[in-house]
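The file coords.txt comes next; it holds compact mmCIF, C-alpha atoms.
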```
# COMPACT_ATOMS: atom_id res chain seq x y z
CA ILE A 1 0.00 0.00 0.00
CA ALA A 2 1.55 3.28 -1.11
CA GLY A 3 -0.69 5.61 0.90
CA ILE A 4 -0.49 9.03 -0.70
CA THR A 5 1.73 9.86 -3.63
CA GLN A 6 2.50 13.30 -5.00
CA ALA A 7 4.13 14.38 -8.24
CA PRO A 8 6.41 15.98 -9.09
CA THR A 9 8.80 15.81 -6.13
CA SER A 10 10.10 19.24 -7.01
CA GLN A 11 9.65 21.76 -9.78
CA ILE A 12 11.11 25.08 -10.87
CA LEU A 13 8.58 27.13 -12.77
CA ALA A 14 8.64 30.45 -14.59
CA ALA A 15 6.16 33.05 -13.38
CA GLY A 16 3.00 33.10 -15.46
CA ARG A 17 3.13 29.42 -16.32
CA ARG A 18 0.37 26.98 -15.52
CA MET A 19 1.20 24.05 -13.25
CA THR A 20 -0.73 21.07 -11.89
CA LEU A 21 0.43 19.23 -8.81
CA ARG A 22 -0.82 15.68 -8.66
CA CYS A 23 -2.01 13.76 -5.62
CA THR A 24 -3.26 10.18 -5.50
CA GLN A 25 -4.28 8.09 -2.50
CA ASP A 26 -5.09 4.38 -2.33
CA MET A 27 -6.68 4.28 1.12
CA ARG A 28 -10.20 4.99 -0.17
CA HIS A 29 -10.40 8.02 2.11
CA ASN A 30 -13.34 10.28 1.37
CA ALA A 31 -11.67 13.55 2.33
CA MET A 32 -8.58 15.11 0.75
CA TYR A 33 -6.69 18.35 1.38
CA TRP A 34 -4.01 20.58 -0.05
CA TYR A 35 -1.70 22.56 2.24
CA ARG A 36 1.23 24.83 1.65
CA GLN A 37 4.04 25.08 4.18
CA ASP A 38 6.13 28.19 4.50
CA LEU A 39 8.84 28.93 7.04
CA GLY A 40 7.39 30.55 10.14
CA LEU A 41 3.81 30.15 8.96
CA GLY A 42 3.28 26.44 9.32
CA LEU A 43 0.80 24.48 7.25
CA ARG A 44 -2.02 26.47 5.71
CA LEU A 45 -5.04 24.87 4.06
CA ILE A 46 -5.54 25.84 0.40
CA HIS A 47 -8.52 23.71 -0.67
CA TYR A 48 -10.24 20.60 0.53
CA SER A 49 -12.72 18.00 -0.67
CA ASN A 50 -15.01 16.11 1.69
CA THR A 51 -16.05 13.61 -0.98
CA ALA A 52 -15.69 12.99 -4.69
CA GLY A 53 -17.47 15.68 -6.68
CA THR A 54 -17.25 18.38 -4.00
CA THR A 55 -14.57 20.91 -3.12
CA GLY A 56 -14.21 23.81 -0.69
CA LYS A 57 -11.93 26.75 -0.01
CA GLY A 58 -9.45 26.79 2.85
CA GLU A 59 -7.47 29.63 4.38
CA VAL A 60 -5.43 30.63 1.31
CA PRO A 61 -7.34 29.60 -1.85
CA ASP A 62 -6.53 32.55 -4.13
CA GLY A 63 -4.53 31.60 -7.23
CA TYR A 64 -5.29 27.89 -6.85
CA SER A 65 -8.01 25.57 -8.10
CA VAL A 66 -8.81 21.93 -7.45
CA SER A 67 -11.05 19.20 -8.79
CA ARG A 68 -12.18 15.87 -7.38
CA ALA A 69 -13.46 13.71 -10.21
CA ASN A 70 -12.99 10.46 -8.25
CA THR A 71 -12.09 9.24 -4.78
CA ASP A 72 -8.39 8.70 -5.40
CA ASP A 73 -7.18 11.84 -7.20
CA PHE A 74 -7.09 15.47 -6.08
CA PRO A 75 -4.99 17.67 -8.41
CA LEU A 76 -4.06 21.23 -7.50
CA THR A 77 -3.68 23.73 -10.34
CA LEU A 78 -1.89 27.06 -10.38
CA ALA A 79 -3.38 28.85 -13.38
CA SER A 80 -0.68 31.52 -13.61
CA ALA A 81 2.12 31.00 -11.11
CA VAL A 82 3.58 33.90 -9.14
CA PRO A 83 6.75 33.98 -7.01
CA SER A 84 4.70 34.14 -3.77
CA GLN A 85 3.49 30.63 -4.57
CA THR A 86 6.99 29.30 -3.97
CA SER A 87 6.43 26.81 -1.17
CA VAL A 88 6.28 23.16 -0.19
CA TYR A 89 2.89 21.68 -1.01
CA PHE A 90 1.46 18.75 0.92
CA CYS A 91 -1.55 16.69 0.00
CA ALA A 92 -3.37 14.86 2.78
CA SER A 93 -6.34 12.56 3.16
CA SER A 94 -8.61 11.36 5.93
CA ASP A 95 -11.54 9.05 6.46
CA ARG A 96 -14.26 11.28 7.87
CA GLY A 97 -16.71 8.42 8.04
CA THR A 98 -14.95 6.71 10.94
CA GLY A 99 -15.02 9.77 13.19
CA ASP A 100 -11.25 9.50 13.68
CA ASP A 101 -10.53 11.93 10.85
CA THR A 102 -6.76 11.65 11.27
CA GLN A 103 -5.04 13.29 8.32
CA TYR A 104 -2.28 11.39 6.53
CA PHE A 105 0.20 13.37 4.47
CA GLY A 106 1.93 12.75 1.18
CA PRO A 107 5.69 13.34 0.75
CA GLY A 108 5.25 16.86 -0.58
CA THR A 109 6.14 18.84 -3.69
CA ARG A 110 8.73 21.60 -3.50
CA LEU A 111 7.75 24.33 -5.95
CA THR A 112 9.90 27.30 -6.88
CA VAL A 113 8.40 30.07 -9.00
CA LEU A 114 10.94 32.42 -10.56
CA GLN B 1 -4.17 36.59 16.82
CA LYS B 2 -3.24 33.30 15.16
CA GLU B 3 -5.72 30.50 15.58
CA VAL B 4 -3.04 28.13 16.85
CA GLU B 5 0.13 29.42 18.48
CA GLN B 6 3.30 27.64 19.39
CA ASN B 7 6.73 28.79 20.52
CA SER B 8 8.93 28.45 17.45
CA GLY B 9 11.93 27.41 19.52
CA PRO B 10 14.38 26.03 19.01
CA LEU B 11 13.97 24.02 22.16
CA SER B 12 17.07 22.13 23.18
CA VAL B 13 17.12 19.40 25.81
CA PRO B 14 19.76 16.83 26.80
CA GLU B 15 19.24 13.17 26.04
CA GLY B 16 17.12 11.49 28.69
CA ALA B 17 15.39 14.71 29.78
CA ILE B 18 11.71 15.62 29.48
CA ALA B 19 10.83 17.87 26.56
CA SER B 20 7.73 20.02 27.01
CA LEU B 21 5.99 21.49 23.97
CA ASN B 22 3.14 23.95 24.34
CA CYS B 23 0.28 25.16 22.17
CA THR B 24 -2.62 27.57 22.62
CA TYR B 25 -5.68 27.95 20.42
CA SER B 26 -8.23 30.70 19.96
CA ASP B 27 -11.51 28.94 19.09
CA ARG B 28 -13.06 28.02 22.41
CA VAL B 29 -15.44 25.45 20.94
CA SER B 30 -12.69 23.33 19.33
CA GLN B 31 -12.98 19.67 20.28
CA SER B 32 -10.14 17.78 18.58
CA PHE B 33 -6.42 18.31 18.99
CA PHE B 34 -3.43 16.67 17.37
CA TRP B 35 0.34 16.58 17.61
CA TYR B 36 2.36 15.86 14.48
CA ARG B 37 6.10 15.32 14.17
CA GLN B 38 7.94 16.51 11.08
CA TYR B 39 11.53 15.60 10.35
CA SER B 40 13.48 18.01 8.17
CA GLY B 41 12.50 17.60 4.52
CA LYS B 42 9.77 15.08 5.35
CA SER B 43 6.01 15.17 5.69
CA PRO B 44 4.16 15.49 9.00
CA GLU B 45 3.24 12.26 10.80
CA LEU B 46 0.68 11.92 13.58
CA ILE B 47 1.99 11.29 17.08
CA MET B 48 -1.13 11.68 19.17
CA SER B 49 -4.66 12.95 19.18
CA ILE B 50 -6.57 14.12 22.26
CA TYR B 51 -10.23 15.03 22.66
CA SER B 52 -10.93 15.20 26.42
CA ASN B 53 -9.50 17.29 29.21
CA GLY B 54 -6.63 15.68 31.07
CA ASP B 55 -3.71 13.52 30.06
CA LYS B 56 -3.33 10.89 27.39
CA GLU B 57 -0.24 8.70 27.40
CA ASP B 58 1.29 6.66 24.60
CA GLY B 59 4.70 5.25 25.33
CA ARG B 60 7.12 8.10 26.02
CA PHE B 61 4.58 10.68 24.83
CA THR B 62 1.91 12.36 26.95
CA ALA B 63 -0.57 14.85 25.56
CA GLN B 64 -2.30 17.20 27.99
CA LEU B 65 -5.44 19.19 27.25
CA ASN B 66 -7.02 22.02 29.23
CA LYS B 67 -10.02 23.37 27.34
CA ALA B 68 -10.78 26.04 29.94
CA SER B 69 -7.34 27.54 29.36
CA GLN B 70 -7.38 26.68 25.64
CA TYR B 71 -4.07 24.98 26.05
CA VAL B 72 -2.63 21.70 24.82
CA SER B 73 0.83 20.34 25.46
CA LEU B 74 3.05 17.41 24.55
CA LEU B 75 5.56 15.89 26.94
CA ILE B 76 8.29 13.63 25.67
CA ARG B 77 9.93 11.58 28.42
CA ASP B 78 13.43 10.11 28.14
CA SER B 79 14.11 12.24 25.07
CA GLN B 80 16.26 10.66 22.39
CA PRO B 81 18.31 12.29 19.61
CA SER B 82 15.84 10.65 17.19
CA ASP B 83 13.13 12.87 18.69
CA SER B 84 14.85 15.90 17.16
CA ALA B 85 12.26 17.30 14.77
CA THR B 86 9.65 20.02 14.42
CA TYR B 87 6.45 19.34 16.34
CA LEU B 88 3.22 20.72 14.95
CA CYS B 89 0.12 21.35 17.01
CA ALA B 90 -3.16 21.10 15.08
CA VAL B 91 -6.73 21.93 16.05
CA LYS B 92 -9.80 20.81 14.17
CA LYS B 93 -12.35 23.57 13.63
CA PRO B 94 -15.73 22.54 15.01
CA VAL B 95 -18.04 23.28 12.07
CA THR B 96 -15.97 22.84 8.91
CA ARG B 97 -13.74 20.21 10.57
CA ASP B 98 -10.76 21.77 8.81
CA MET B 99 -7.44 21.60 10.58
CA ARG B 100 -5.51 24.65 11.68
CA PHE B 101 -1.83 24.14 12.35
CA GLY B 102 0.59 26.04 14.49
CA ALA B 103 3.91 27.11 12.97
CA GLY B 104 5.69 24.34 14.87
CA THR B 105 8.34 24.07 17.57
CA ARG B 106 11.76 22.81 16.59
CA LEU B 107 13.16 20.39 19.17
CA THR B 108 16.79 19.36 19.38
CA VAL B 109 17.82 16.54 21.71
CA LYS B 110 21.55 16.64 22.37
CA PRO B 111 23.42 13.37 23.10
```

Just dump the structure as structure tokens.
Amino acid sequence: IAGITQAPTSQILAAGRRMTLRCTQDMRHNAMYWYRQDLGLGLRLIHYSNTAGTTGKGEVPDGYSVSRANTDDFPLTLASAVPSQTSVYFCASSDRGTGDDTQYFGPGTRLTVL
Amino acid sequence: QKEVEQNSGPLSVPEGAIASLNCTYSDRVSQSFFWYRQYSGKSPELIMSIYSNGDKEDGRFTAQLNKASQYVSLLIRDSQPSDSATYLCAVKKPVTRDMRFGAGTRLTVKP
């Protein structure tokens, strides 16, 4: 069981370019999340999805979009990247149906926007 | 005011000592609290969750919750160099059930 995988591991991107970060989980969790982690600011929620077909905005959603076409995949898209989006991005998932709701994290994607 | 606050550290303790990590939160109706450990360059991993006032022990780790004071802490007994990491406090918001994380406390355990 792989758990949560993210791709790419790291990326350097020119400002203004479009970029999609991929996230796949094999735990059949209903909820998935995208966070960014910046030094001194901790993890901040970008978008989330409680179940396939639904998405919601987190603390810092501007400049990002997500989709949840199925249970396993939750891609994060930067339509036109800006340098302030340089960060480490973590995808996470949880099983809200059990009541435990512990979030499990992927290995992260380090994104640099120049 | 940040929703979840932690001392950024670094906190340095000698091997074998007790490390005490503290966290305060602003939303009084929060019900679920978590401690994650994050090694440098790695993703966060859950250490403990706590939902009721008082202490919860798991091996060398003890989580303490005081809802009246809006305070949650993590004690690490017999600290080991392998405990050196950043510890993240997280609080689940009561309605949306989203998590809010503190900025983390960096712990160094010196041999």

Contact set, chain B to chain A: 7 Å, only C-alpha atoms, as a PDB file with C-alpha atoms, in the frame of the given file:
```pdb
ATOM      1  CA  LYS B  42       9.770  15.080   5.350  1.00  0.00           C
ATOM      2  CA  SER B  43       6.010  15.170   5.690  1.00  0.00           C
ATOM      3  CA  PRO B  44       4.160  15.490   9.000  1.00  0.00           C
ATOM      4  CA  PHE B 101      -1.830  24.140  12.350  1.00  0.00           C
ATOM      5  CA  GLY B 102       0.590  26.040  14.490  1.00  0.00           C
ATOM      6  CA  ALA B 103       3.910  27.110  12.970  1.00  0.00           C
ATOM      7  CA  GLY B 104       5.690  24.340  14.870  1.00  0.00           C
TER       8      GLY B 104
END
```

Contacts of Arg77 of chain B within 8 Å, only C-alpha atoms, excl. fewer than 5 positions in-chain, as an mmCIF file with C-alpha atoms, in the coordinates of the input:
```
data_model
loop_
_atom_site.group_PDB
_atom_site.id
_atom_site.type_symbol
_atom_site.label_atom_id
_atom_site.label_comp_id
_atom_site.auth_asym_id
_atom_site.auth_seq_id
_atom_site.Cartn_x
_atom_site.Cartn_y
_atom_site.Cartn_z
ATOM 1 C CA GLY B 16 17.120 11.490 28.690
ATOM 2 C CA ALA B 17 15.390 14.710 29.780
ATOM 3 C CA ILE B 18 11.710 15.620 29.480
ATOM 4 C CA ALA B 19 10.830 17.870 26.560
ATOM 5 C CA ARG B 60 7.120 8.100 26.020
ATOM 6 C CA PHE B 61 4.580 10.680 24.830
#
```

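Between Asp95 of chain A and the residues A:Thr109, A:Thr77, A:Thr51, A:Asn30, the shortest atom-to-atom distance, using all atoms listed in the file, involves A:Asn30.
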
| message | Using all atoms listed in the file, can you tell me which of B:Thr86, B:Thr96, B:Gln6, B:Ser79 comes closest to Pro111 of chain B? | response |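 Residue with the minimum atom-to-atom distance to Pro111 of chain B: B:Ser79.
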
| said: Neighbouring residues of segment 85-87 of chain A were defined as those with any atom within 6 Å, considering all atoms listed in the file; residues of the same chain fewer than 6 positions away were excluded. Please report them as a ChimeraX atom specification. | reply: /A:38,111-113

| For Tyr71 of chain B, which of B:Gly59, B:Gly41, B:Pro94, B:Gly54 is the closest residue, counting all atoms listed in the file? |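 The closest residue to Tyr71 of chain B is B:Gly54.
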
| query | Within 10 Å of Asp83 of chain B, counting only C-alpha atoms, which residues qualify if same-chain residues fewer than 6 places away don't, as a list in words? | reply |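 Answer for this query is Glu15, Ala19, Arg37, Gln38, Tyr39, Ile76, Leu107, Thr108, Val109 and Lys110 of chain B.
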
| Close residues, Leu65 of chain B itself excluded, 8 Å, all atoms listed in the file, min 6 positions apart in chain, as an MDAnalysis selection string | chainID B and resid 50:55 71:73

| message | Just want the 10 Å neighbourhood of Met19 of chain A, counted on all atoms listed in the file, with same-chain residues fewer than 5 positions away dropped. Output as a PyMOL selection string. | response | chain A and resi 11+13-14+64+76-81+111

Draw an axis-aligned box tight on the listed atoms of segment 70-87 of chain A, then pad every side by 3 Å and write out centre and edge lengths in Å to one decimal as JSON.
```
{"center_x": -3.0, "center_y": 21.4, "center_z": -7.4, "size_x": 26.0, "size_y": 31.4, "size_z": 18.4}
```

| task | Around the point (5.6, 27.8, 20.3) in the file's coordinates, collect all residues with an atom within 10 Å, using all atoms listed in the file, and return them as number ranges by chain. | result | B: 4-11, 21-24, 87-89, 102-106

| query | How many Å lie between atom CA of Arg17 of chain A and atom CA of Gly53 of chain A, rounded to one decimal? | reply |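 Taking atom CA of Arg17 of chain A and atom CA of Gly53 of chain A, their separation equals 26.6 Å.
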
| request: Would you please work out which residue, of B:Tyr36, B:Lys92, B:Val13, B:Ser26, is nearest to Asp78 of chain B when using all atoms listed in the file? | output: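 Under the stated criterion, the closest residue is B:Val13.
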
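Interatomic distance, atom CA of Asn70 of chain A against atom CA of Ala52 of chain A: 5.1 Å.
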
| query | Mind pulling up the distance from atom CA of Gln70 of chain B to atom CA of Val29 of chain B? | reply |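 So the two atoms, atom CA of Val29 of chain B and atom CA of Gln70 of chain B, lie 9.4 Å apart.
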
| said: Which residue is closest to Phe33 of chain B? Choose from B:Ala90, B:Gln80, B:Leu75, B:Arg97 and count only C-alpha atoms. | reply: B:Ala90

| message | Between A:Pro83, A:Asp62, A:Pro75, A:Ala15, which residue has the minimum interatomic distance to Trp34 of chain A, considering only C-alpha atoms? | response |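 Residue with the minimum atom-to-atom distance to Trp34 of chain A: A:Pro75.
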
All heavy atoms of segment 86-99 of chain A from block above, as a PDB file, in the first residue's frame:
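Produced file selection07.pdb, reproduced below:
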```pdb
ATOM      1  N   THR A  86       5.848  30.141  -4.315  1.00  0.00           N
ATOM      2  CA  THR A  86       6.994  29.299  -3.970  1.00  0.00           C
ATOM      3  C   THR A  86       6.778  28.749  -2.569  1.00  0.00           C
ATOM      4  O   THR A  86       6.601  29.508  -1.606  1.00  0.00           O
ATOM      5  CB  THR A  86       8.287  30.119  -4.014  1.00  0.00           C
ATOM      6  OG1 THR A  86       8.546  30.508  -5.370  1.00  0.00           O
ATOM      7  CG2 THR A  86       9.467  29.307  -3.480  1.00  0.00           C
ATOM      8  N   SER A  87       6.768  27.424  -2.447  1.00  0.00           N
ATOM      9  CA  SER A  87       6.427  26.809  -1.174  1.00  0.00           C
ATOM     10  C   SER A  87       6.609  25.294  -1.294  1.00  0.00           C
ATOM     11  O   SER A  87       6.926  24.773  -2.357  1.00  0.00           O
ATOM     12  CB  SER A  87       4.959  27.125  -0.814  1.00  0.00           C
ATOM     13  OG  SER A  87       4.635  26.679   0.482  1.00  0.00           O
ATOM     14  N   VAL A  88       6.399  24.618  -0.183  1.00  0.00           N
ATOM     15  CA  VAL A  88       6.283  23.163  -0.192  1.00  0.00           C
ATOM     16  C   VAL A  88       4.807  22.826  -0.059  1.00  0.00           C
ATOM     17  O   VAL A  88       4.138  23.317   0.858  1.00  0.00           O
ATOM     18  CB  VAL A  88       7.091  22.507   0.938  1.00  0.00           C
ATOM     19  CG1 VAL A  88       6.920  20.992   0.881  1.00  0.00           C
ATOM     20  CG2 VAL A  88       8.562  22.879   0.836  1.00  0.00           C
ATOM     21  N   TYR A  89       4.308  22.016  -0.967  1.00  0.00           N
ATOM     22  CA  TYR A  89       2.894  21.679  -1.006  1.00  0.00           C
ATOM     23  C   TYR A  89       2.689  20.235  -0.550  1.00  0.00           C
ATOM     24  O   TYR A  89       3.320  19.313  -1.061  1.00  0.00           O
ATOM     25  CB  TYR A  89       2.348  21.867  -2.423  1.00  0.00           C
ATOM     26  CG  TYR A  89       2.297  23.308  -2.836  1.00  0.00           C
ATOM     27  CD1 TYR A  89       3.416  23.946  -3.366  1.00  0.00           C
ATOM     28  CD2 TYR A  89       1.131  24.046  -2.659  1.00  0.00           C
ATOM     29  CE1 TYR A  89       3.379  25.290  -3.725  1.00  0.00           C
ATOM     30  CE2 TYR A  89       1.082  25.389  -3.015  1.00  0.00           C
ATOM     31  CZ  TYR A  89       2.207  26.001  -3.541  1.00  0.00           C
ATOM     32  OH  TYR A  89       2.161  27.326  -3.884  1.00  0.00           O
ATOM     33  N   PHE A  90       1.797  20.074   0.414  1.00  0.00           N
ATOM     34  CA  PHE A  90       1.455  18.749   0.920  1.00  0.00           C
ATOM     35  C   PHE A  90       0.001  18.444   0.626  1.00  0.00           C
ATOM     36  O   PHE A  90      -0.887  19.259   0.884  1.00  0.00           O
ATOM     37  CB  PHE A  90       1.681  18.665   2.431  1.00  0.00           C
ATOM     38  CG  PHE A  90       3.127  18.636   2.830  1.00  0.00           C
ATOM     39  CD1 PHE A  90       3.733  19.775   3.324  1.00  0.00           C
ATOM     40  CD2 PHE A  90       3.868  17.467   2.720  1.00  0.00           C
ATOM     41  CE1 PHE A  90       5.068  19.759   3.704  1.00  0.00           C
ATOM     42  CE2 PHE A  90       5.201  17.439   3.091  1.00  0.00           C
ATOM     43  CZ  PHE A  90       5.799  18.591   3.590  1.00  0.00           C
ATOM     44  N   CYS A  91      -0.213  17.240   0.143  1.00  0.00           N
ATOM     45  CA  CYS A  91      -1.550  16.692   0.003  1.00  0.00           C
ATOM     46  C   CYS A  91      -1.804  15.773   1.195  1.00  0.00           C
ATOM     47  O   CYS A  91      -0.864  15.131   1.697  1.00  0.00           O
ATOM     48  CB  CYS A  91      -1.640  15.918  -1.303  1.00  0.00           C
ATOM     49  SG  CYS A  91      -3.224  15.143  -1.651  1.00  0.00           S
ATOM     50  N   ALA A  92      -3.026  15.720   1.652  1.00  0.00           N
ATOM     51  CA  ALA A  92      -3.372  14.862   2.781  1.00  0.00           C
ATOM     52  C   ALA A  92      -4.748  14.252   2.536  1.00  0.00           C
ATOM     53  O   ALA A  92      -5.528  14.762   1.725  1.00  0.00           O
ATOM     54  CB  ALA A  92      -3.373  15.639   4.099  1.00  0.00           C
ATOM     55  N   SER A  93      -5.019  13.165   3.254  1.00  0.00           N
ATOM     56  CA  SER A  93      -6.339  12.560   3.158  1.00  0.00           C
ATOM     57  C   SER A  93      -6.773  12.068   4.527  1.00  0.00           C
ATOM     58  O   SER A  93      -5.943  11.869   5.422  1.00  0.00           O
ATOM     59  CB  SER A  93      -6.340  11.405   2.150  1.00  0.00           C
ATOM     60  OG  SER A  93      -5.621  10.291   2.649  1.00  0.00           O
ATOM     61  N   SER A  94      -8.069  11.901   4.690  1.00  0.00           N
ATOM     62  CA  SER A  94      -8.608  11.365   5.931  1.00  0.00           C
ATOM     63  C   SER A  94      -9.913  10.650   5.654  1.00  0.00           C
ATOM     64  O   SER A  94     -10.571  10.898   4.635  1.00  0.00           O
ATOM     65  CB  SER A  94      -8.822  12.472   6.968  1.00  0.00           C
ATOM     66  OG  SER A  94      -9.894  13.322   6.598  1.00  0.00           O
ATOM     67  N   ASP A  95     -10.292   9.788   6.591  1.00  0.00           N
ATOM     68  CA  ASP A  95     -11.545   9.052   6.461  1.00  0.00           C
ATOM     69  C   ASP A  95     -12.541   9.645   7.434  1.00  0.00           C
ATOM     70  O   ASP A  95     -12.569   9.289   8.612  1.00  0.00           O
ATOM     71  CB  ASP A  95     -11.318   7.573   6.764  1.00  0.00           C
ATOM     72  CG  ASP A  95     -12.567   6.750   6.521  1.00  0.00           C
ATOM     73  OD1 ASP A  95     -13.620   7.326   6.177  1.00  0.00           O
ATOM     74  OD2 ASP A  95     -12.507   5.518   6.678  1.00  0.00           O
ATOM     75  N   ARG A  96     -13.333  10.577   6.974  1.00  0.00           N
ATOM     76  CA  ARG A  96     -14.265  11.276   7.871  1.00  0.00           C
ATOM     77  C   ARG A  96     -15.385  10.362   8.342  1.00  0.00           C
ATOM     78  O   ARG A  96     -16.018  10.625   9.340  1.00  0.00           O
ATOM     79  CB  ARG A  96     -14.841  12.498   7.174  1.00  0.00           C
ATOM     80  CG  ARG A  96     -13.809  13.594   6.998  1.00  0.00           C
ATOM     81  CD  ARG A  96     -14.413  14.934   6.731  1.00  0.00           C
ATOM     82  NE  ARG A  96     -13.446  16.004   6.932  1.00  0.00           N
ATOM     83  CZ  ARG A  96     -13.724  17.292   6.839  1.00  0.00           C
ATOM     84  NH1 ARG A  96     -14.935  17.689   6.528  1.00  0.00           N
ATOM     85  NH2 ARG A  96     -12.793  18.201   7.040  1.00  0.00           N
ATOM     86  N   GLY A  97     -15.609   9.290   7.660  1.00  0.00           N
ATOM     87  CA  GLY A  97     -16.711   8.423   8.036  1.00  0.00           C
ATOM     88  C   GLY A  97     -16.485   7.691   9.345  1.00  0.00           C
ATOM     89  O   GLY A  97     -17.446   7.346  10.035  1.00  0.00           O
ATOM     90  N   THR A  98     -15.233   7.474   9.734  1.00  0.00           N
ATOM     91  CA  THR A  98     -14.947   6.712  10.942  1.00  0.00           C
ATOM     92  C   THR A  98     -15.046   7.575  12.193  1.00  0.00           C
ATOM     93  O   THR A  98     -15.082   7.062  13.288  1.00  0.00           O
ATOM     94  CB  THR A  98     -13.530   6.117  10.893  1.00  0.00           C
ATOM     95  OG1 THR A  98     -12.577   7.186  10.860  1.00  0.00           O
ATOM     96  CG2 THR A  98     -13.359   5.251   9.660  1.00  0.00           C
ATOM     97  N   GLY A  99     -15.038   8.886  12.039  1.00  0.00           N
ATOM     98  CA  GLY A  99     -15.024   9.774  13.190  1.00  0.00           C
ATOM     99  C   GLY A  99     -13.614  10.073  13.681  1.00  0.00           C
ATOM    100  O   GLY A  99     -13.407  10.999  14.452  1.00  0.00           O
TER     101      GLY A  99
END
```
